[in-house]
>>> print(open('upload01.pdb').read())   # PDB, C-alpha atoms
MODEL        1
ATOM      1  CA  MET A   1     -20.629  16.139  -1.426
ATOM      2  CA  THR A   2     -21.003  13.757   1.529
ATOM      3  CA  SER A   3     -19.216  10.459   2.056
ATOM      4  CA  ALA A   4     -22.381   8.654   0.918
ATOM      5  CA  GLU A   5     -22.401  10.499  -2.405
ATOM      6  CA  PRO A   6     -19.397   9.559  -4.539
ATOM      7  CA  ALA A   7     -19.003  11.795  -7.566
ATOM      8  CA  ALA A   8     -17.502  11.147 -10.954
ATOM      9  CA  SER A   9     -13.899  12.290 -11.194
ATOM     10  CA  PRO A  10     -12.789  14.451 -14.097
ATOM     11  CA  ALA A  11     -11.202  12.549 -16.945
ATOM     12  CA  LEU A  12      -7.579  11.760 -16.141
ATOM     13  CA  ALA A  13      -4.743  12.413 -18.551
ATOM     14  CA  GLY A  14      -2.424   9.514 -19.272
ATOM     15  CA  PRO A  15      -2.888   5.771 -18.743
ATOM     16  CA  THR A  16      -5.990   4.379 -17.011
ATOM     17  CA  VAL A  17      -7.328   0.970 -15.969
ATOM     18  CA  PRO A  18      -9.257  -0.234 -19.051
ATOM     19  CA  GLY A  19     -13.026  -0.289 -18.566
ATOM     20  CA  PHE A  20     -12.964   1.279 -15.108
ATOM     21  CA  GLU A  21     -14.910   4.369 -14.050
ATOM     22  CA  HIS A  22     -13.335   7.077 -11.926
ATOM     23  CA  HIS A  23     -14.880   8.420  -8.741
ATOM     24  CA  ARG A  24     -14.020  11.025  -6.168
ATOM     25  CA  VAL A  25     -15.255  10.101  -2.705
ATOM     26  CA  ARG A  26     -15.109  12.132   0.477
ATOM     27  CA  VAL A  27     -13.769   9.911   3.266
ATOM     28  CA  ALA A  28     -12.951  12.421   6.033
ATOM     29  CA  ASP A  29     -13.260  16.126   6.733
ATOM     30  CA  GLY A  30     -11.463  17.873   3.910
ATOM     31  CA  VAL A  31     -10.207  14.641   2.340
ATOM     32  CA  ALA A  32     -11.503  12.918  -0.778
ATOM     33  CA  LEU A  33      -9.971   9.917  -2.489
ATOM     34  CA  HIS A  34      -9.826   9.242  -6.186
ATOM     35  CA  ALA A  35     -10.756   5.655  -7.052
ATOM     36  CA  ALA A  36     -11.012   3.589 -10.220
ATOM     37  CA  VAL A  37     -13.945   1.158  -9.977
ATOM     38  CA  GLY A  38     -14.918  -1.676 -12.292
ATOM     39  CA  GLY A  39     -16.529  -5.080 -12.531
ATOM     40  CA  SER A  40     -19.328  -6.607 -10.491
ATOM     41  CA  GLY A  41     -19.629  -9.174  -7.755
ATOM     42  CA  SER A  42     -18.112  -9.446  -4.289
ATOM     43  CA  PRO A  43     -15.909  -6.410  -3.587
ATOM     44  CA  ILE A  44     -12.142  -6.297  -3.339
ATOM     45  CA  LEU A  45     -10.074  -3.163  -2.738
ATOM     46  CA  LEU A  46      -6.532  -2.949  -4.118
ATOM     47  CA  LEU A  47      -4.113  -0.495  -2.441
ATOM     48  CA  HIS A  48      -0.997   0.677  -4.265
ATOM     49  CA  GLY A  49       2.561   1.082  -3.024
ATOM     50  CA  PHE A  50       5.478   3.496  -3.417
ATOM     51  CA  PRO A  51       6.306   5.239  -5.693
ATOM     52  CA  GLN A  52       3.118   4.403  -7.547
ATOM     53  CA  THR A  53      -0.597   5.091  -7.837
ATOM     54  CA  HIS A  54      -3.665   2.915  -8.360
ATOM     55  CA  LEU A  55      -2.303   2.267 -11.889
ATOM     56  CA  MET A  56       0.026  -0.428 -10.527
ATOM     57  CA  TRP A  57      -3.039  -2.701 -10.289
ATOM     58  CA  ARG A  58      -4.132  -2.150 -13.906
ATOM     59  CA  HIS A  59      -3.547  -5.765 -15.050
ATOM     60  CA  VAL A  60      -4.722  -7.485 -11.858
ATOM     61  CA  ALA A  61      -7.779  -5.236 -11.577
ATOM     62  CA  ALA A  62      -8.884  -5.975 -15.138
ATOM     63  CA  ASP A  63      -8.523  -9.717 -14.458
ATOM     64  CA  LEU A  64     -10.445  -9.686 -11.167
ATOM     65  CA  ALA A  65     -13.210  -7.468 -12.580
ATOM     66  CA  ALA A  66     -14.524 -10.491 -14.485
ATOM     67  CA  ASP A  67     -16.225 -11.663 -11.302
ATOM     68  CA  HIS A  68     -15.607  -9.037  -8.597
ATOM     69  CA  THR A  69     -16.300  -5.395  -7.967
ATOM     70  CA  VAL A  70     -12.758  -4.002  -7.931
ATOM     71  CA  ILE A  71     -11.954  -0.691  -6.252
ATOM     72  CA  CYS A  72      -8.503   0.829  -6.783
ATOM     73  CA  PRO A  73      -7.987   4.091  -4.885
ATOM     74  CA  ASP A  74      -5.099   6.461  -4.794
ATOM     75  CA  LEU A  75      -4.146   6.550  -1.125
ATOM     76  CA  ARG A  76      -4.425   9.779   0.807
ATOM     77  CA  GLY A  77      -1.419  11.874  -0.175
ATOM     78  CA  TYR A  78      -0.846  10.107  -3.497
ATOM     79  CA  GLY A  79      -1.994  10.391  -7.099
ATOM     80  CA  ALA A  80      -5.249  12.269  -7.641
ATOM     81  CA  SER A  81      -6.380  11.941  -4.020
ATOM     82  CA  ASP A  82      -6.244  14.839  -1.565
ATOM     83  CA  LYS A  83      -3.010  15.632   0.231
ATOM     84  CA  PRO A  84      -3.812  17.288   3.576
ATOM     85  CA  ALA A  85      -1.031  18.925   5.557
ATOM     86  CA  ASP A  86       0.298  16.790   8.398
ATOM     87  CA  THR A  87      -0.004  19.172  11.330
ATOM     88  CA  ASP A  88      -0.165  16.667  14.185
ATOM     89  CA  GLY A  89       1.714  13.559  13.020
ATOM     90  CA  ALA A  90      -1.544  11.647  12.586
ATOM     91  CA  ALA A  91      -2.731  12.692   9.128
ATOM     92  CA  TYR A  92      -0.729   9.914   7.453
ATOM     93  CA  SER A  93      -0.728   7.264  10.144
ATOM     94  CA  LYS A  94      -1.827   3.934   8.739
ATOM     95  CA  ARG A  95      -4.702   4.050  11.226
ATOM     96  CA  THR A  96      -5.977   7.217   9.554
ATOM     97  CA  MET A  97      -5.362   5.881   6.066
ATOM     98  CA  ALA A  98      -7.089   2.592   6.916
ATOM     99  CA  ALA A  99     -10.130   4.516   8.124
ATOM    100  CA  ASP A 100     -10.151   6.268   4.728
ATOM    101  CA  VAL A 101     -10.291   2.916   2.966
ATOM    102  CA  VAL A 102     -13.129   1.573   5.100
ATOM    103  CA  GLU A 103     -15.133   4.777   4.541
ATOM    104  CA  LEU A 104     -14.438   4.621   0.798
ATOM    105  CA  ALA A 105     -15.845   1.095   0.603
ATOM    106  CA  ARG A 106     -18.863   2.081   2.679
ATOM    107  CA  ALA A 107     -19.558   5.116   0.501
ATOM    108  CA  LEU A 108     -19.504   2.854  -2.552
ATOM    109  CA  GLY A 109     -22.007   0.502  -0.890
ATOM    110  CA  HIS A 110     -19.794  -2.164   0.699
ATOM    111  CA  GLU A 111     -19.796  -2.756   4.452
ATOM    112  CA  ARG A 112     -17.586  -5.839   4.063
ATOM    113  CA  PHE A 113     -14.865  -6.396   1.493
ATOM    114  CA  ALA A 114     -11.621  -8.197   0.706
ATOM    115  CA  LEU A 115      -8.483  -6.074   0.811
ATOM    116  CA  ALA A 116      -5.095  -6.409  -0.880
ATOM    117  CA  GLY A 117      -2.178  -4.014  -0.586
ATOM    118  CA  HIS A 118       1.324  -3.700  -1.960
ATOM    119  CA  ASP A 119       4.212  -2.012  -0.134
ATOM    120  CA  ARG A 120       2.783   1.136   1.573
ATOM    121  CA  GLY A 121      -0.700  -0.016   0.651
ATOM    122  CA  ALA A 122      -0.006  -3.329   2.370
ATOM    123  CA  LEU A 123       0.742  -1.461   5.605
ATOM    124  CA  VAL A 124      -2.589   0.353   5.269
ATOM    125  CA  ALA A 125      -4.306  -2.974   4.580
ATOM    126  CA  PHE A 126      -2.595  -4.576   7.594
ATOM    127  CA  ARG A 127      -3.808  -1.774   9.860
ATOM    128  CA  ALA A 128      -7.326  -1.976   8.404
ATOM    129  CA  GLY A 129      -7.403  -5.697   9.195
ATOM    130  CA  LEU A 130      -6.422  -5.049  12.817
ATOM    131  CA  ASP A 131      -8.614  -1.993  13.357
ATOM    132  CA  HIS A 132     -11.670  -3.018  11.298
ATOM    133  CA  PRO A 133     -11.949  -6.824  11.425
ATOM    134  CA  ALA A 134     -15.731  -6.720  10.925
ATOM    135  CA  ALA A 135     -15.219  -4.988   7.577
ATOM    136  CA  VAL A 136     -12.234  -6.892   6.118
ATOM    137  CA  THR A 137     -13.144 -10.444   5.091
ATOM    138  CA  HIS A 138      -9.818 -11.449   3.509
ATOM    139  CA  LEU A 139      -6.418  -9.770   3.498
ATOM    140  CA  ALA A 140      -3.416  -9.933   1.161
ATOM    141  CA  CYS A 141      -0.097  -8.132   1.705
ATOM    142  CA  LEU A 142       2.518  -7.982  -1.054
ATOM    143  CA  ASP A 143       6.244  -7.640  -0.350
ATOM    144  CA  VAL A 144       6.256  -5.950   3.031
ATOM    145  CA  LEU A 145       6.726  -6.681   6.714
ATOM    146  CA  PRO A 146       4.560  -5.131   9.412
ATOM    147  CA  THR A 147       6.114  -1.881  10.588
ATOM    148  CA  LEU A 148       7.226  -3.176  13.982
ATOM    149  CA  ASP A 149       9.008  -6.144  12.426
ATOM    150  CA  MET A 150      10.474  -4.074   9.601
ATOM    151  CA  TRP A 151      12.363  -1.781  11.954
ATOM    152  CA  GLN A 152      13.597  -4.718  14.007
ATOM    153  CA  VAL A 153      15.188  -6.534  11.032
ATOM    154  CA  MET A 154      16.813  -3.467   9.428
ATOM    155  CA  HIS A 155      20.456  -3.615  10.477
ATOM    156  CA  GLY A 156      23.922  -3.749   8.948
ATOM    157  CA  VAL A 157      25.104  -2.752   5.505
ATOM    158  CA  ASP A 158      22.705  -5.172   3.795
ATOM    159  CA  ALA A 159      19.852  -2.932   4.956
ATOM    160  CA  ALA A 160      21.253   0.032   3.003
ATOM    161  CA  VAL A 161      18.685  -0.695   0.295
ATOM    162  CA  GLY A 162      16.164   0.795   2.742
ATOM    163  CA  PHE A 163      17.974   4.125   3.098
ATOM    164  CA  HIS A 164      14.814   6.000   2.123
ATOM    165  CA  LEU A 165      13.084   4.720   5.268
ATOM    166  CA  TYR A 166      15.633   6.529   7.417
ATOM    167  CA  LEU A 167      15.748   9.641   5.250
ATOM    168  CA  MET A 168      11.998  10.180   5.371
ATOM    169  CA  ALA A 169      11.855   9.414   9.090
ATOM    170  CA  GLN A 170      13.738  12.656   9.808
ATOM    171  CA  PRO A 171      11.916  15.687  11.256
ATOM    172  CA  PRO A 172       9.999  17.892   8.798
ATOM    173  CA  GLY A 173      12.085  20.049   6.521
ATOM    174  CA  LEU A 174      15.270  18.257   5.501
ATOM    175  CA  PRO A 175      13.889  15.218   3.626
ATOM    176  CA  GLU A 176      11.245  17.264   1.837
ATOM    177  CA  ARG A 177      13.815  19.765   0.583
ATOM    178  CA  MET A 178      16.320  17.118  -0.456
ATOM    179  CA  ILE A 179      13.765  15.066  -2.389
ATOM    180  CA  ALA A 180      12.067  18.091  -3.960
ATOM    181  CA  ALA A 181      15.444  19.229  -5.302
ATOM    182  CA  GLU A 182      15.637  16.159  -7.611
ATOM    183  CA  PRO A 183      12.283  14.360  -7.430
ATOM    184  CA  ASP A 184      12.570  12.446 -10.701
ATOM    185  CA  LEU A 185      16.032  11.213  -9.747
ATOM    186  CA  PHE A 186      14.844  10.122  -6.294
ATOM    187  CA  PHE A 187      11.589   8.414  -7.240
ATOM    188  CA  GLY A 188      12.973   7.101 -10.525
ATOM    189  CA  HIS A 189      15.774   5.389  -8.595
ATOM    190  CA  PHE A 190      13.246   3.056  -6.973
ATOM    191  CA  LEU A 191      11.299   2.439 -10.168
ATOM    192  CA  ASP A 192      14.551   1.382 -11.843
ATOM    193  CA  LEU A 193      16.061  -0.526  -8.916
ATOM    194  CA  TRP A 194      12.956  -2.534  -8.031
ATOM    195  CA  GLY A 195      11.565  -3.072 -11.540
ATOM    196  CA  GLY A 196      11.824  -6.348 -13.384
ATOM    197  CA  GLY A 197      12.874  -4.661 -16.630
ATOM    198  CA  PRO A 198      11.489  -1.874 -18.830
ATOM    199  CA  GLU A 199       8.515  -3.991 -19.887
ATOM    200  CA  THR A 200       7.258  -4.128 -16.280
ATOM    201  CA  ILE A 201       6.555  -0.394 -16.111
ATOM    202  CA  PRO A 202       6.077   1.065 -19.613
ATOM    203  CA  ALA A 203       7.277   4.592 -20.308
ATOM    204  CA  ALA A 204       3.814   6.173 -20.124
ATOM    205  CA  VAL A 205       3.089   4.556 -16.769
ATOM    206  CA  ARG A 206       6.515   5.479 -15.427
ATOM    207  CA  ALA A 207       5.908   9.078 -16.461
ATOM    208  CA  ALA A 208       2.530   9.038 -14.702
ATOM    209  CA  TYR A 209       4.162   7.758 -11.504
ATOM    210  CA  LEU A 210       6.855  10.439 -11.623
ATOM    211  CA  ASP A 211       4.306  13.186 -12.313
ATOM    212  CA  ALA A 212       2.227  12.037  -9.341
ATOM    213  CA  CYS A 213       5.204  11.786  -6.982
ATOM    214  CA  ARG A 214       6.626  15.145  -8.036
ATOM    215  CA  ALA A 215       3.341  16.740  -6.939
ATOM    216  CA  ALA A 216       3.218  14.892  -3.616
ATOM    217  CA  VAL A 217       6.629  15.115  -1.957
ATOM    218  CA  PRO A 218       5.433  16.463   1.444
ATOM    219  CA  SER A 219       2.619  13.913   1.788
ATOM    220  CA  ILE A 220       4.756  10.958   0.679
ATOM    221  CA  VAL A 221       7.401  11.941   3.236
ATOM    222  CA  ALA A 222       4.676  12.298   5.885
ATOM    223  CA  ASP A 223       3.438   8.789   5.079
ATOM    224  CA  TYR A 224       6.921   7.367   5.648
ATOM    225  CA  ARG A 225       7.583   9.540   8.698
ATOM    226  CA  ALA A 226       4.440   8.117  10.315
ATOM    227  CA  SER A 227       5.966   4.639  10.113
ATOM    228  CA  ALA A 228       8.775   5.742  12.431
ATOM    229  CA  ARG A 229       6.313   7.253  14.892
ATOM    230  CA  ALA A 230       2.552   6.647  15.093
ATOM    231  CA  ASP A 231       2.526   3.409  13.070
ATOM    232  CA  LEU A 232       5.276   1.917  15.182
ATOM    233  CA  GLU A 233       3.442   2.859  18.368
ATOM    234  CA  HIS A 234       0.198   1.318  17.105
ATOM    235  CA  ASP A 235       1.891  -1.950  16.101
ATOM    236  CA  ARG A 236       3.724  -2.138  19.413
ATOM    237  CA  ALA A 237       0.509  -1.615  21.382
ATOM    238  CA  ASP A 238      -1.265  -4.341  19.401
ATOM    239  CA  ARG A 239       1.630  -6.753  19.861
ATOM    240  CA  GLU A 240       1.614  -6.171  23.623
ATOM    241  CA  ALA A 241      -2.160  -6.684  23.686
ATOM    242  CA  GLY A 242      -1.909  -9.926  21.687
ATOM    243  CA  LYS A 243      -4.049  -8.569  18.848
ATOM    244  CA  VAL A 244      -3.941 -10.558  15.596
ATOM    245  CA  LEU A 245      -5.563 -10.675  12.175
ATOM    246  CA  ARG A 246      -8.621 -12.925  12.397
ATOM    247  CA  MET A 247      -9.380 -13.227   8.681
ATOM    248  CA  PRO A 248      -7.598 -15.440   6.126
ATOM    249  CA  VAL A 249      -4.315 -13.765   5.113
ATOM    250  CA  THR A 250      -2.050 -14.298   2.096
ATOM    251  CA  VAL A 251       1.456 -12.799   1.957
ATOM    252  CA  LEU A 252       3.555 -12.758  -1.228
ATOM    253  CA  GLN A 253       7.151 -11.786  -0.581
ATOM    254  CA  GLN A 254      10.631 -11.748  -2.042
ATOM    255  CA  ASP A 255      13.209 -13.585   0.030
ATOM    256  CA  TRP A 256      14.465 -10.581   1.985
ATOM    257  CA  GLY A 257      15.316 -12.823   4.906
ATOM    258  CA  ALA A 258      18.155 -14.495   2.999
ATOM    259  CA  ALA A 259      20.061 -11.184   3.029
ATOM    260  CA  LEU A 260      18.924  -9.718   6.337
ATOM    261  CA  GLY A 261      18.782 -12.881   8.416
ATOM    262  CA  PHE A 262      15.136 -13.308   9.344
ATOM    263  CA  ASP A 263      12.299 -15.730   8.670
ATOM    264  CA  ALA A 264       9.486 -13.747   7.039
ATOM    265  CA  ARG A 265       6.970 -16.557   7.407
ATOM    266  CA  ASP A 266       7.656 -16.762  11.125
ATOM    267  CA  LEU A 267       7.279 -12.999  11.566
ATOM    268  CA  TRP A 268       3.988 -12.922   9.688
ATOM    269  CA  SER A 269       2.661 -16.008  11.500
ATOM    270  CA  SER A 270       2.742 -14.134  14.800
ATOM    271  CA  TRP A 271       0.223 -11.664  13.369
ATOM    272  CA  ALA A 272      -1.881 -13.951  11.172
ATOM    273  CA  PRO A 273      -3.037 -17.358  12.463
ATOM    274  CA  GLN A 274      -4.733 -18.133   9.113
ATOM    275  CA  LEU A 275      -1.645 -17.397   7.013
ATOM    276  CA  ALA A 276      -0.641 -18.568   3.549
ATOM    277  CA  HIS A 277       2.897 -17.257   2.980
ATOM    278  CA  ARG A 278       4.535 -17.523  -0.443
ATOM    279  CA  THR A 279       8.151 -16.658  -1.218
ATOM    280  CA  VAL A 280       8.238 -15.583  -4.857
ATOM    281  CA  GLY A 281      11.003 -15.279  -7.422
ATOM    282  CA  PHE A 282       9.935 -12.089  -9.158
ATOM    283  CA  GLY A 283      10.637  -8.484  -8.216
ATOM    284  CA  HIS A 284       9.080  -5.951  -5.896
ATOM    285  CA  PHE A 285       6.561  -4.637  -8.437
ATOM    286  CA  MET A 286       4.983  -8.063  -8.651
ATOM    287  CA  ALA A 287       1.475  -6.948  -9.610
ATOM    288  CA  GLU A 288       2.991  -5.445 -12.762
ATOM    289  CA  GLU A 289       5.664  -8.078 -13.398
ATOM    290  CA  ALA A 290       3.542 -11.181 -12.700
ATOM    291  CA  PRO A 291      -0.120 -10.087 -12.745
ATOM    292  CA  GLU A 292      -1.535 -13.502 -13.591
ATOM    293  CA  ARG A 293       0.201 -15.064 -10.572
ATOM    294  CA  VAL A 294      -0.925 -12.246  -8.276
ATOM    295  CA  ALA A 295      -4.524 -12.405  -9.520
ATOM    296  CA  GLY A 296      -4.486 -16.179  -9.068
ATOM    297  CA  GLU A 297      -3.235 -15.885  -5.496
ATOM    298  CA  LEU A 298      -5.971 -13.365  -4.710
ATOM    299  CA  ARG A 299      -8.620 -15.639  -6.183
ATOM    300  CA  GLU A 300      -7.287 -18.519  -4.071
ATOM    301  CA  LEU A 301      -7.395 -16.324  -0.968
ATOM    302  CA  LEU A 302     -11.048 -15.484  -1.597
ATOM    303  CA  THR A 303     -11.966 -19.193  -1.515
ATOM    304  CA  ARG A 304     -10.671 -19.588   2.041
TER
ENDMDL
END
>>> encode(input="upload01.pdb", output="structure tokens")
Amino acid sequence: MTSAEPAASPALAGPTVPGFEHHRVRVADGVALHAAVGGSGSPILLLHGFPQTHLMWRHVAADLAADHTVICPDLRGYGASDKPADTDGAAYSKRTMAADVVELARALGHERFALAGHDRGALVAFRAGLDHPAAVTHLACLDVLPTLDMWQVMHGVDAAVGFHLYLMAQPPGLPERMIAAEPDLFFGHFLDLWGGGPETIPAAVRAAYLDACRAAVPSIVADYRASARADLEHDRADREAGKVLRMPVTVLQQDWGAALGFDARDLWSSWAPQLAHRTVGFGHFMAEEAPERVAGELRELLTR
């Protein structure tokens, strides 16, 4: 199988995005991504966050598929996508993961596409917008700060909610063993803490997330570890070079700044001259808690 020849994925057990087909697409040497694809029209890729899979977009994807080709991959290291070993610290850099996404779109016939990401997926989307501006026409980032800014605002006891960022930034060995000892407790903590109630993530979907995370502890840790190393270096280099996102950008975000003492709109504005920044009142898993609002914001973005 070459990158230009996506293949049908085997039928997946558990919940799926209604009406979507499943593909397995080679995007790099030894790495193939699983993607759910549906709809027709101008393409938009939706990138999931932690501790989730492409299923987090199930409501938004079904809505957008009415007039767009919607592509929802599992990121490298997550879900049904491949999980290569991180031997050099680069396998899970957002630069590498962004290149995966661009190759996925190309293999499915799209040289240019809109891109939306949540949480970890938003960091991949952000990097894709900086590294591949000719490919990304519009960009949306949900409930995240760019890596450079994130580390700069994390301070004091109010930042304890981000303890997992520091845990998974540690050298290989300790975090993997600690998390693997009680994976459902660890990953379930975030599903419970950040959820908007049990109706946001139904039991079957929650079980699918936990199953996927349990099978991906080393690669999930490597993804987070990259944000304390390669991703930080890449953001710092782009900041020093004055590089910005040239496409229209929408950011949806909880009001983290009220607790941690920063202005999220101001931080994002330095990266995105064509920014629409919305502070929202729902929880972190906003694509599952408020899918109509998220789909509406993405449709508005695509008109700009």
>>> closest_residue(input="upload01.pdb", among="A:Gly30, A:Gly109, A:Pro146, A:Pro6", to="Leu232 in chain A", atoms="only C-alpha atoms")
A:Pro146
>>> resolve_selection(input="upload01.pdb", expression="the PyMOL selection byres ((chain A and resi 260) around 8)", output="PyMOL selection string")
chain A and resi 153-155+158-159+256-259+261-262
>>> resolve_selection(input="upload01.pdb", expression="the PyMOL selection byres ((chain A and resi 209) around 10)", output="PyMOL selection string")
chain A and resi 50-56+78-79+184+187-188+191+201+203-208+210-214
>>> atom_distance(input="upload01.pdb", atom1="CA of Val25 in chain A", atom2="CA of Gly38 in chain A")
15.2 Å
>>> resolve_selection(input="upload01.pdb", expression="the PyMOL selection byres ((chain A and resi 118-134) around 9)", output="PDB file with C-alpha atoms, in the coordinates of the input")
ATOM      1  CA  LEU A  46      -6.532  -2.949  -4.118  1.00  0.00           C
ATOM      2  CA  LEU A  47      -4.113  -0.495  -2.441  1.00  0.00           C
ATOM      3  CA  HIS A  48      -0.997   0.677  -4.265  1.00  0.00           C
ATOM      4  CA  GLY A  49       2.561   1.082  -3.024  1.00  0.00           C
ATOM      5  CA  PHE A  50       5.478   3.496  -3.417  1.00  0.00           C
ATOM      6  CA  LEU A  75      -4.146   6.550  -1.125  1.00  0.00           C
ATOM      7  CA  SER A  93      -0.728   7.264  10.144  1.00  0.00           C
ATOM      8  CA  LYS A  94      -1.827   3.934   8.739  1.00  0.00           C
ATOM      9  CA  ARG A  95      -4.702   4.050  11.226  1.00  0.00           C
ATOM     10  CA  THR A  96      -5.977   7.217   9.554  1.00  0.00           C
ATOM     11  CA  MET A  97      -5.362   5.881   6.066  1.00  0.00           C
ATOM     12  CA  ALA A  98      -7.089   2.592   6.916  1.00  0.00           C
ATOM     13  CA  ALA A  99     -10.130   4.516   8.124  1.00  0.00           C
ATOM     14  CA  VAL A 101     -10.291   2.916   2.966  1.00  0.00           C
ATOM     15  CA  VAL A 102     -13.129   1.573   5.100  1.00  0.00           C
ATOM     16  CA  GLU A 111     -19.796  -2.756   4.452  1.00  0.00           C
ATOM     17  CA  ARG A 112     -17.586  -5.839   4.063  1.00  0.00           C
ATOM     18  CA  LEU A 115      -8.483  -6.074   0.811  1.00  0.00           C
ATOM     19  CA  ALA A 116      -5.095  -6.409  -0.880  1.00  0.00           C
ATOM     20  CA  GLY A 117      -2.178  -4.014  -0.586  1.00  0.00           C
ATOM     21  CA  ALA A 135     -15.219  -4.988   7.577  1.00  0.00           C
ATOM     22  CA  VAL A 136     -12.234  -6.892   6.118  1.00  0.00           C
ATOM     23  CA  THR A 137     -13.144 -10.444   5.091  1.00  0.00           C
ATOM     24  CA  HIS A 138      -9.818 -11.449   3.509  1.00  0.00           C
ATOM     25  CA  LEU A 139      -6.418  -9.770   3.498  1.00  0.00           C
ATOM     26  CA  ALA A 140      -3.416  -9.933   1.161  1.00  0.00           C
ATOM     27  CA  CYS A 141      -0.097  -8.132   1.705  1.00  0.00           C
ATOM     28  CA  LEU A 142       2.518  -7.982  -1.054  1.00  0.00           C
ATOM     29  CA  ASP A 143       6.244  -7.640  -0.350  1.00  0.00           C
ATOM     30  CA  VAL A 144       6.256  -5.950   3.031  1.00  0.00           C
ATOM     31  CA  LEU A 145       6.726  -6.681   6.714  1.00  0.00           C
ATOM     32  CA  PRO A 146       4.560  -5.131   9.412  1.00  0.00           C
ATOM     33  CA  THR A 147       6.114  -1.881  10.588  1.00  0.00           C
ATOM     34  CA  ASP A 223       3.438   8.789   5.079  1.00  0.00           C
ATOM     35  CA  TYR A 224       6.921   7.367   5.648  1.00  0.00           C
ATOM     36  CA  ASP A 231       2.526   3.409  13.070  1.00  0.00           C
ATOM     37  CA  HIS A 234       0.198   1.318  17.105  1.00  0.00           C
ATOM     38  CA  ASP A 235       1.891  -1.950  16.101  1.00  0.00           C
ATOM     39  CA  ASP A 238      -1.265  -4.341  19.401  1.00  0.00           C
ATOM     40  CA  LYS A 243      -4.049  -8.569  18.848  1.00  0.00           C
ATOM     41  CA  VAL A 244      -3.941 -10.558  15.596  1.00  0.00           C
ATOM     42  CA  LEU A 245      -5.563 -10.675  12.175  1.00  0.00           C
ATOM     43  CA  ARG A 246      -8.621 -12.925  12.397  1.00  0.00           C
ATOM     44  CA  MET A 247      -9.380 -13.227   8.681  1.00  0.00           C
ATOM     45  CA  HIS A 284       9.080  -5.951  -5.896  1.00  0.00           C
ATOM     46  CA  PHE A 285       6.561  -4.637  -8.437  1.00  0.00           C
ATOM     47  CA  MET A 286       4.983  -8.063  -8.651  1.00  0.00           C
ATOM     48  CA  ALA A 287       1.475  -6.948  -9.610  1.00  0.00           C
TER      49      ALA A 287
END
>>> closest_residue(input="upload01.pdb", among="A:Leu148, A:Val217, A:Val280, A:Val157", to="Arg236 in chain A", atoms="only C-alpha atoms")
A:Leu148
>>> closest_residue(input="upload01.pdb", among="A:Asp255, A:Asp82, A:Tyr166, A:Asp149", to="Ser270 in chain A", atoms="all atoms listed in the file")
A:Asp149
>>> closest_residue(input="upload01.pdb", among="A:Leu174, A:Gln152, A:His164, A:Ala7", to="Phe186 in chain A", atoms="only C-alpha atoms")
A:His164
>>> residues_around(input="upload01.pdb", residues="Leu301 in chain A", least_positions_apart="6", cutoff="10 Å", atoms="only C-alpha atoms", output="NGL selection string")
:A and (114 or 138-140 or 248-251 or 275-276 or 295)
>>> closest_residue(input="upload01.pdb", among="A:Ala169, A:Ile44, A:Ala85, A:Leu267", to="His68 in chain A", atoms="all atoms listed in the file")
A:Ile44
>>> atom_distance(input="upload01.pdb", atom1="CA of Glu288 in chain A", atom2="CA of Thr200 in chain A")
5.7 Å
>>> closest_residue(input="upload01.pdb", among="A:Val17, A:Ala80, A:Ala180, A:Ala28", to="Ala65 in chain A", atoms="all atoms listed in the file")
A:Val17
>>> atom_distance(input="upload01.pdb", atom1="CA of Leu167 in chain A", atom2="CA of Lys83 in chain A")
20.3 Å
